[in-house]
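**Student:** Got a structure for you, written out below as structure tokens; questions coming shortly.
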Amino acid sequence: MGASELLQHLRGAGLILTVTAAGALHVAPREALTDHHRTVIRSQRDDLLLALLAEVEPRPTPPPTRRSGNPLMTPEQGDECHAGGWDAAEIDAFRRRQARFMRMGRTADDADHLAERLSLRDRQHDDRRLCLECAALADNGRCRAAARGRLPGADRLLKPVPTLMQRCPDFALSLGLT
Ligand code: SF4
């Protein structure tokens with residue numbers, strides 16, 4: 001079931017889904033939530049967020065020319081990032097990342113900038129990743145892999161810098177991202 005259909009299905013079951021100011025998904029009333037609802041919501045959380053954001057505030061397709069003001073890129077990198085315009089896959093990846101980053105507590109602007117920087121990373125075939133893209137990054141900012149002792153030498157309470165591009169041996173792509 002696609003996110004839009006799922007959204008309608010959940011609404012049909014009496015649930016109200018909203019996006020909080022921090023970019024998280026909120027579902028109410030709790031007493032109407034079944035275990036099945038919880039499972040499907042958890043598995044498609046980012047897609048539901050995208051569907052809700054599209055309803056509330058349709059985000060413009062990034063223009064095919066450089067967008068100014070991204071502090072994470074030089075003007076030249078901005079040009080490279082948008083050269084020739086973005087194809088459908090690039091736009092989809094951008095939106096999914098943007099939704100994920102907002103869900104992880106980033107502001108809309110910050111999420112935009114990070115997602116745009118990753119579009120350039122993809123074009124450059126750079127294989128480094130952000131912890132923000134990793135399924136092991138918990139909502140409290142700690143690394144679950146480190147907590148389980150899977151990162152040799154790392155503190156079990158490791159709170160990695162989530163926006164640092166790096167190569168981590170335990171990186172696992174978060175659901176819904178590419
Ligand atoms: S496993 Fe690696 S990439 Fe994933 S959150 Fe931990 S430190 Fe970051």
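Lettering and numbering for the structure tokens are positional, with chains as A, B, ... in the shown order, residues counted from 1 in each chain, and ligands counted from 1 in the shown order.
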Name the residues in contact with range 86-100 of chain A at a cut-off of 8 Å, using only C-alpha atoms, excluding same-chain residues fewer than 3 positions from it; report them as a compact mmCIF listing (two decimals) with N, CA and C atoms, in the first residue's frame.

**Tutor:**
```txt
# COMPACT_ATOMS: atom_id res chain seq x y z
N GLY A 23 9.17 18.25 13.12
CA GLY A 23 9.23 17.39 11.94
C GLY A 23 8.94 15.93 12.22
N ASP A 46 8.60 7.50 7.23
CA ASP A 46 9.13 8.59 6.40
C ASP A 46 8.22 8.87 5.20
N ASP A 47 7.65 7.80 4.62
CA ASP A 47 6.76 8.01 3.48
C ASP A 47 5.49 8.75 3.91
N LEU A 49 5.32 10.84 6.40
CA LEU A 49 5.73 12.23 6.62
C LEU A 49 5.77 12.99 5.30
N LEU A 50 6.33 12.36 4.29
CA LEU A 50 6.40 13.01 2.98
C LEU A 50 5.00 13.31 2.45
N THR A 61 9.67 21.93 -6.50
CA THR A 61 10.75 21.12 -7.05
C THR A 61 12.01 21.98 -7.11
N PRO A 62 13.15 21.49 -6.62
CA PRO A 62 14.36 22.30 -6.66
C PRO A 62 14.64 22.77 -8.08
N PRO A 64 16.45 23.94 -11.54
CA PRO A 64 17.56 23.31 -12.23
C PRO A 64 18.85 24.12 -12.19
N HIS A 82 23.43 21.24 -9.32
CA HIS A 82 22.20 21.44 -10.09
C HIS A 82 22.42 21.45 -11.60
N ALA A 83 23.64 21.20 -12.03
CA ALA A 83 23.92 21.25 -13.48
C ALA A 83 23.00 20.30 -14.24
N ARG A 103 12.53 14.74 10.65
CA ARG A 103 12.06 13.83 11.69
C ARG A 103 13.11 13.64 12.78
N MET A 104 14.38 13.76 12.37
CA MET A 104 15.46 13.59 13.35
C MET A 104 15.75 14.91 14.08
N ALA A 108 13.73 22.91 9.00
CA ALA A 108 13.44 22.73 7.57
C ALA A 108 14.60 23.23 6.72
N ALA A 111 17.54 20.84 7.05
CA ALA A 111 17.24 19.61 6.32
C ALA A 111 17.41 19.82 4.82
N ASP A 112 16.96 20.97 4.32
CA ASP A 112 17.12 21.31 2.90
C ASP A 112 18.60 21.33 2.52
N LEU A 114 21.23 20.04 4.04
CA LEU A 114 21.89 18.74 4.13
C LEU A 114 21.49 17.85 2.94
N ALA A 115 20.19 17.84 2.64
CA ALA A 115 19.72 16.99 1.55
C ALA A 115 20.32 17.44 0.22
N GLU A 116 20.45 18.75 0.05
CA GLU A 116 21.04 19.27 -1.19
C GLU A 116 22.52 18.89 -1.28
N LEU A 118 23.84 16.30 -0.07
CA LEU A 118 23.93 14.87 -0.39
C LEU A 118 23.62 14.61 -1.86
N SER A 119 22.82 15.48 -2.46
CA SER A 119 22.59 15.34 -3.91
C SER A 119 23.91 15.52 -4.66
N GLU A 133 21.75 9.44 8.10
CA GLU A 133 21.16 8.50 7.14
C GLU A 133 21.14 7.07 7.67
N GLY A 176 13.70 3.64 3.70
CA GLY A 176 13.10 4.68 2.86
C GLY A 176 14.10 5.60 2.18
N LEU A 177 15.37 5.52 2.60
CA LEU A 177 16.39 6.36 1.96
C LEU A 177 17.11 5.59 0.85
N THR A 178 17.84 6.35 0.03
CA THR A 178 18.64 5.69 -1.01
C THR A 178 20.09 6.11 -0.83
```

**Student:** What are the nearest atom pairs, with distances in Å to one decimal, for all residues of chain A that come at most 12 Å from ligand 1, using only C-alpha atoms and all ligand atoms, set out by chain and rising residue number as a tab-separated table?

**Tutor:**
```
residue	atom	partner	partner_atom_place_in_ligand_line	distance
A:Arg128	CA	ligand 1	3 (S)	9.5
A:Arg129	CA	ligand 1	3 (S)	7.0
A:Leu130	CA	ligand 1	3 (S)	6.3
A:Cys131	CA	ligand 1	8 (Fe)	3.8
A:Leu132	CA	ligand 1	5 (S)	7.0
A:Glu133	CA	ligand 1	3 (S)	7.5
A:Cys134	CA	ligand 1	4 (Fe)	4.6
A:Ala135	CA	ligand 1	4 (Fe)	6.5
A:Ala136	CA	ligand 1	5 (S)	4.7
A:Leu137	CA	ligand 1	5 (S)	4.1
A:Ala138	CA	ligand 1	5 (S)	7.6
A:Asp139	CA	ligand 1	5 (S)	10.6
A:Asn140	CA	ligand 1	5 (S)	11.2
A:Gly141	CA	ligand 1	5 (S)	8.3
A:Arg142	CA	ligand 1	5 (S)	7.2
A:Cys143	CA	ligand 1	6 (Fe)	4.3
A:Arg144	CA	ligand 1	6 (Fe)	6.4
A:Ala145	CA	ligand 1	1 (S)	5.0
A:Ala146	CA	ligand 1	6 (Fe)	6.2
A:Ala147	CA	ligand 1	6 (Fe)	8.9
A:Arg148	CA	ligand 1	1 (S)	10.2
A:Gly149	CA	ligand 1	1 (S)	10.4
A:Arg150	CA	ligand 1	1 (S)	8.1
A:Leu151	CA	ligand 1	1 (S)	7.3
A:Pro152	CA	ligand 1	7 (S)	10.8
A:Gly153	CA	ligand 1	7 (S)	11.6
A:Ala154	CA	ligand 1	7 (S)	8.8
A:Asp155	CA	ligand 1	7 (S)	10.5
A:Arg156	CA	ligand 1	6 (Fe)	10.3
A:Leu157	CA	ligand 1	6 (Fe)	10.6
A:Leu158	CA	ligand 1	7 (S)	7.7
A:Lys159	CA	ligand 1	7 (S)	8.0
A:Pro160	CA	ligand 1	7 (S)	5.8
A:Val161	CA	ligand 1	8 (Fe)	7.9
A:Pro162	CA	ligand 1	8 (Fe)	6.9
A:Thr163	CA	ligand 1	8 (Fe)	9.4
A:Leu164	CA	ligand 1	8 (Fe)	9.0
A:Met165	CA	ligand 1	3 (S)	9.1
A:Gln166	CA	ligand 1	3 (S)	7.6
A:Arg167	CA	ligand 1	3 (S)	7.3
A:Cys168	CA	ligand 1	2 (Fe)	4.6
A:Pro169	CA	ligand 1	2 (Fe)	6.5
A:Asp170	CA	ligand 1	1 (S)	4.4
A:Phe171	CA	ligand 1	3 (S)	4.2
A:Ala172	CA	ligand 1	4 (Fe)	6.3
A:Leu173	CA	ligand 1	4 (Fe)	8.2
A:Ser174	CA	ligand 1	4 (Fe)	9.2
```

**Student:** Just the selected residues (C-alpha atoms), exported as a compact mmCIF listing (two decimals), in the first residue's frame, please.

**Tutor:**
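This is the output file part.txt:
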```
# COMPACT_ATOMS: atom_id res chain seq x y z
CA ARG A 128 30.71 8.64 2.47
CA ARG A 129 27.54 8.81 4.55
CA LEU A 130 26.02 10.82 7.37
CA CYS A 131 24.98 9.22 10.63
CA LEU A 132 21.68 10.98 9.97
CA GLU A 133 21.16 8.50 7.14
CA CYS A 134 21.93 5.51 9.34
CA ALA A 135 19.30 3.29 10.92
CA ALA A 136 21.55 2.90 13.96
CA LEU A 137 21.22 6.56 14.93
CA ALA A 138 18.66 6.76 17.73
CA ASP A 139 16.31 9.68 18.23
CA ASN A 140 18.38 10.74 21.25
CA GLY A 141 21.44 11.11 19.02
CA ARG A 142 23.26 8.03 20.29
CA CYS A 143 24.59 5.26 18.07
CA ARG A 144 22.85 1.92 18.69
CA ALA A 145 25.68 0.02 17.01
CA ALA A 146 28.20 1.49 19.45
CA ALA A 147 25.85 0.76 22.34
CA ARG A 148 25.88 -2.91 21.30
CA GLY A 149 29.66 -2.93 21.12
CA ARG A 150 29.76 -3.29 17.35
CA LEU A 151 32.09 -0.35 16.80
CA PRO A 152 35.55 -1.39 18.03
CA GLY A 153 37.12 1.25 20.23
CA ALA A 154 34.00 3.38 20.39
CA ASP A 155 32.37 4.43 23.63
CA ARG A 156 29.08 2.62 24.14
CA LEU A 157 27.46 5.99 24.80
CA LEU A 158 28.78 7.36 21.52
CA LYS A 159 26.86 10.39 20.27
CA PRO A 160 28.36 10.85 16.81
CA VAL A 161 28.39 14.12 14.90
CA PRO A 162 25.34 13.33 12.75
CA THR A 163 26.18 15.66 9.87
CA LEU A 164 29.76 14.55 9.28
CA MET A 165 30.33 12.62 6.05
CA GLN A 166 32.30 9.51 6.86
CA ARG A 167 32.75 5.82 6.15
CA CYS A 168 31.51 3.75 9.07
CA PRO A 169 31.85 -0.08 9.10
CA ASP A 170 28.43 -0.48 10.69
CA PHE A 171 26.48 1.98 8.59
CA ALA A 172 23.01 0.68 7.70
CA LEU A 173 20.82 2.78 5.44
CA SER A 174 17.69 4.02 7.18
```

**Student:** So what do you get for CA of Ala3 in chain A versus CA of His26 in chain A, distance-wise?

**Tutor:**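 Between CA of Ala3 in chain A and CA of His26 in chain A the gap works out to 15.3 Å.
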
**Student:** For Arg106 in chain A, which residue out of A:Ala54, A:Arg38, A:Ala24, A:Leu6 is the nearest one, using only C-alpha atoms?

**Tutor:**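 Closest residue, counting only C-alpha atoms: A:Ala24.
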
**Student:** Apply DSSP to the structure's backbone, then extract all residues of chain A labelled helix (DSSP H, G or I) and return them as a ChimeraX atom specification.

**Tutor:** /A:3-12,30-32,35-43,45-56,75-82,88-103,108-123,131-133,144-147

**Student:** Restricted to C-alpha atoms, what would the selected residues look like written as a PDB file, in the first residue's frame?

**Tutor:**
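Writing the result to again.pdb gives the following:
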```
ATOM      1  CA  ALA A   3       1.799   6.199   1.567  1.00  0.00           C
ATOM      2  CA  SER A   4      -1.215   8.162   0.287  1.00  0.00           C
ATOM      3  CA  GLU A   5      -3.439   5.095   0.423  1.00  0.00           C
ATOM      4  CA  LEU A   6      -2.133   4.228   3.868  1.00  0.00           C
ATOM      5  CA  LEU A   7      -2.825   7.777   5.015  1.00  0.00           C
ATOM      6  CA  GLN A   8      -6.421   7.499   3.825  1.00  0.00           C
ATOM      7  CA  HIS A   9      -6.732   4.054   5.400  1.00  0.00           C
ATOM      8  CA  LEU A  10      -5.518   5.347   8.765  1.00  0.00           C
ATOM      9  CA  ARG A  11      -7.802   8.361   8.579  1.00  0.00           C
ATOM     10  CA  GLY A  12     -10.670   6.022   7.767  1.00  0.00           C
ATOM     11  CA  ARG A  30      -3.773   6.687  21.038  1.00  0.00           C
ATOM     12  CA  GLU A  31      -6.740   4.569  22.059  1.00  0.00           C
ATOM     13  CA  ALA A  32      -7.678   4.104  18.380  1.00  0.00           C
ATOM     14  CA  ASP A  35      -0.829  -3.094  16.932  1.00  0.00           C
ATOM     15  CA  HIS A  36      -1.298  -3.401  13.174  1.00  0.00           C
ATOM     16  CA  HIS A  37      -1.499   0.376  12.837  1.00  0.00           C
ATOM     17  CA  ARG A  38       1.692   0.783  14.863  1.00  0.00           C
ATOM     18  CA  THR A  39       3.515  -1.734  12.687  1.00  0.00           C
ATOM     19  CA  VAL A  40       2.554  -0.175   9.351  1.00  0.00           C
ATOM     20  CA  ILE A  41       3.149   3.357  10.615  1.00  0.00           C
ATOM     21  CA  ARG A  42       6.607   2.383  11.874  1.00  0.00           C
ATOM     22  CA  SER A  43       7.498   0.705   8.582  1.00  0.00           C
ATOM     23  CA  ARG A  45       6.986   6.558   8.813  1.00  0.00           C
ATOM     24  CA  ASP A  46       9.126   8.587   6.403  1.00  0.00           C
ATOM     25  CA  ASP A  47       6.761   8.008   3.479  1.00  0.00           C
ATOM     26  CA  LEU A  48       3.809   9.106   5.614  1.00  0.00           C
ATOM     27  CA  LEU A  49       5.730  12.228   6.616  1.00  0.00           C
ATOM     28  CA  LEU A  50       6.398  13.010   2.980  1.00  0.00           C
ATOM     29  CA  ALA A  51       2.736  12.534   2.092  1.00  0.00           C
ATOM     30  CA  LEU A  52       1.640  14.797   4.952  1.00  0.00           C
ATOM     31  CA  LEU A  53       4.201  17.463   4.115  1.00  0.00           C
ATOM     32  CA  ALA A  54       3.068  17.410   0.494  1.00  0.00           C
ATOM     33  CA  GLU A  55      -0.524  18.007   1.637  1.00  0.00           C
ATOM     34  CA  VAL A  56       0.282  20.764   4.098  1.00  0.00           C
ATOM     35  CA  PRO A  75      28.837  28.482  -5.271  1.00  0.00           C
ATOM     36  CA  GLU A  76      30.803  26.178  -7.582  1.00  0.00           C
ATOM     37  CA  GLN A  77      29.525  23.126  -5.754  1.00  0.00           C
ATOM     38  CA  GLY A  78      26.015  24.548  -6.004  1.00  0.00           C
ATOM     39  CA  ASP A  79      26.431  24.835  -9.754  1.00  0.00           C
ATOM     40  CA  GLU A  80      27.705  21.270  -9.974  1.00  0.00           C
ATOM     41  CA  CYS A  81      24.867  20.017  -7.779  1.00  0.00           C
ATOM     42  CA  HIS A  82      22.197  21.438 -10.092  1.00  0.00           C
ATOM     43  CA  ALA A  88      13.032  12.210 -10.811  1.00  0.00           C
ATOM     44  CA  ALA A  89      15.294   9.934  -8.774  1.00  0.00           C
ATOM     45  CA  GLU A  90      17.351  12.851  -7.499  1.00  0.00           C
ATOM     46  CA  ILE A  91      14.238  14.791  -6.522  1.00  0.00           C
ATOM     47  CA  ASP A  92      12.803  11.741  -4.762  1.00  0.00           C
ATOM     48  CA  ALA A  93      16.065  11.141  -2.872  1.00  0.00           C
ATOM     49  CA  PHE A  94      16.193  14.810  -1.879  1.00  0.00           C
ATOM     50  CA  ARG A  95      12.646  14.757  -0.518  1.00  0.00           C
ATOM     51  CA  ARG A  96      13.082  11.515   1.393  1.00  0.00           C
ATOM     52  CA  ARG A  97      16.252  12.783   3.036  1.00  0.00           C
ATOM     53  CA  GLN A  98      14.665  16.110   3.823  1.00  0.00           C
ATOM     54  CA  ALA A  99      11.758  14.346   5.577  1.00  0.00           C
ATOM     55  CA  ARG A 100      14.088  12.022   7.477  1.00  0.00           C
ATOM     56  CA  PHE A 101      16.315  14.866   8.653  1.00  0.00           C
ATOM     57  CA  MET A 102      13.336  16.881   9.861  1.00  0.00           C
ATOM     58  CA  ARG A 103      12.060  13.830  11.692  1.00  0.00           C
ATOM     59  CA  ALA A 108      13.438  22.733   7.573  1.00  0.00           C
ATOM     60  CA  ASP A 109      16.284  24.929   6.289  1.00  0.00           C
ATOM     61  CA  ASP A 110      18.943  22.687   7.757  1.00  0.00           C
ATOM     62  CA  ALA A 111      17.238  19.608   6.323  1.00  0.00           C
ATOM     63  CA  ASP A 112      17.120  21.308   2.899  1.00  0.00           C
ATOM     64  CA  HIS A 113      20.803  22.192   3.018  1.00  0.00           C
ATOM     65  CA  LEU A 114      21.886  18.740   4.130  1.00  0.00           C
ATOM     66  CA  ALA A 115      19.721  16.988   1.547  1.00  0.00           C
ATOM     67  CA  GLU A 116      21.039  19.265  -1.188  1.00  0.00           C
ATOM     68  CA  ARG A 117      24.623  18.595  -0.131  1.00  0.00           C
ATOM     69  CA  LEU A 118      23.928  14.869  -0.387  1.00  0.00           C
ATOM     70  CA  SER A 119      22.587  15.341  -3.907  1.00  0.00           C
ATOM     71  CA  LEU A 120      26.010  16.689  -4.820  1.00  0.00           C
ATOM     72  CA  ARG A 121      27.663  13.821  -2.981  1.00  0.00           C
ATOM     73  CA  ASP A 122      25.685  11.354  -5.094  1.00  0.00           C
ATOM     74  CA  ARG A 123      26.654  13.111  -8.308  1.00  0.00           C
ATOM     75  CA  CYS A 131      24.984   9.222  10.632  1.00  0.00           C
ATOM     76  CA  LEU A 132      21.679  10.984   9.969  1.00  0.00           C
ATOM     77  CA  GLU A 133      21.160   8.503   7.135  1.00  0.00           C
ATOM     78  CA  ARG A 144      22.850   1.923  18.687  1.00  0.00           C
ATOM     79  CA  ALA A 145      25.679   0.018  17.012  1.00  0.00           C
ATOM     80  CA  ALA A 146      28.201   1.487  19.445  1.00  0.00           C
ATOM     81  CA  ALA A 147      25.852   0.759  22.337  1.00  0.00           C
TER      82      ALA A 147
END
```

**Student:** For CA of Gln44 in chain A and CA of Met1 in chain A, quote the distance in Å rounded to one decimal.

**Tutor:**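 Spanning CA of Gln44 in chain A to CA of Met1 in chain A is a straight-line distance of 9.8 Å.
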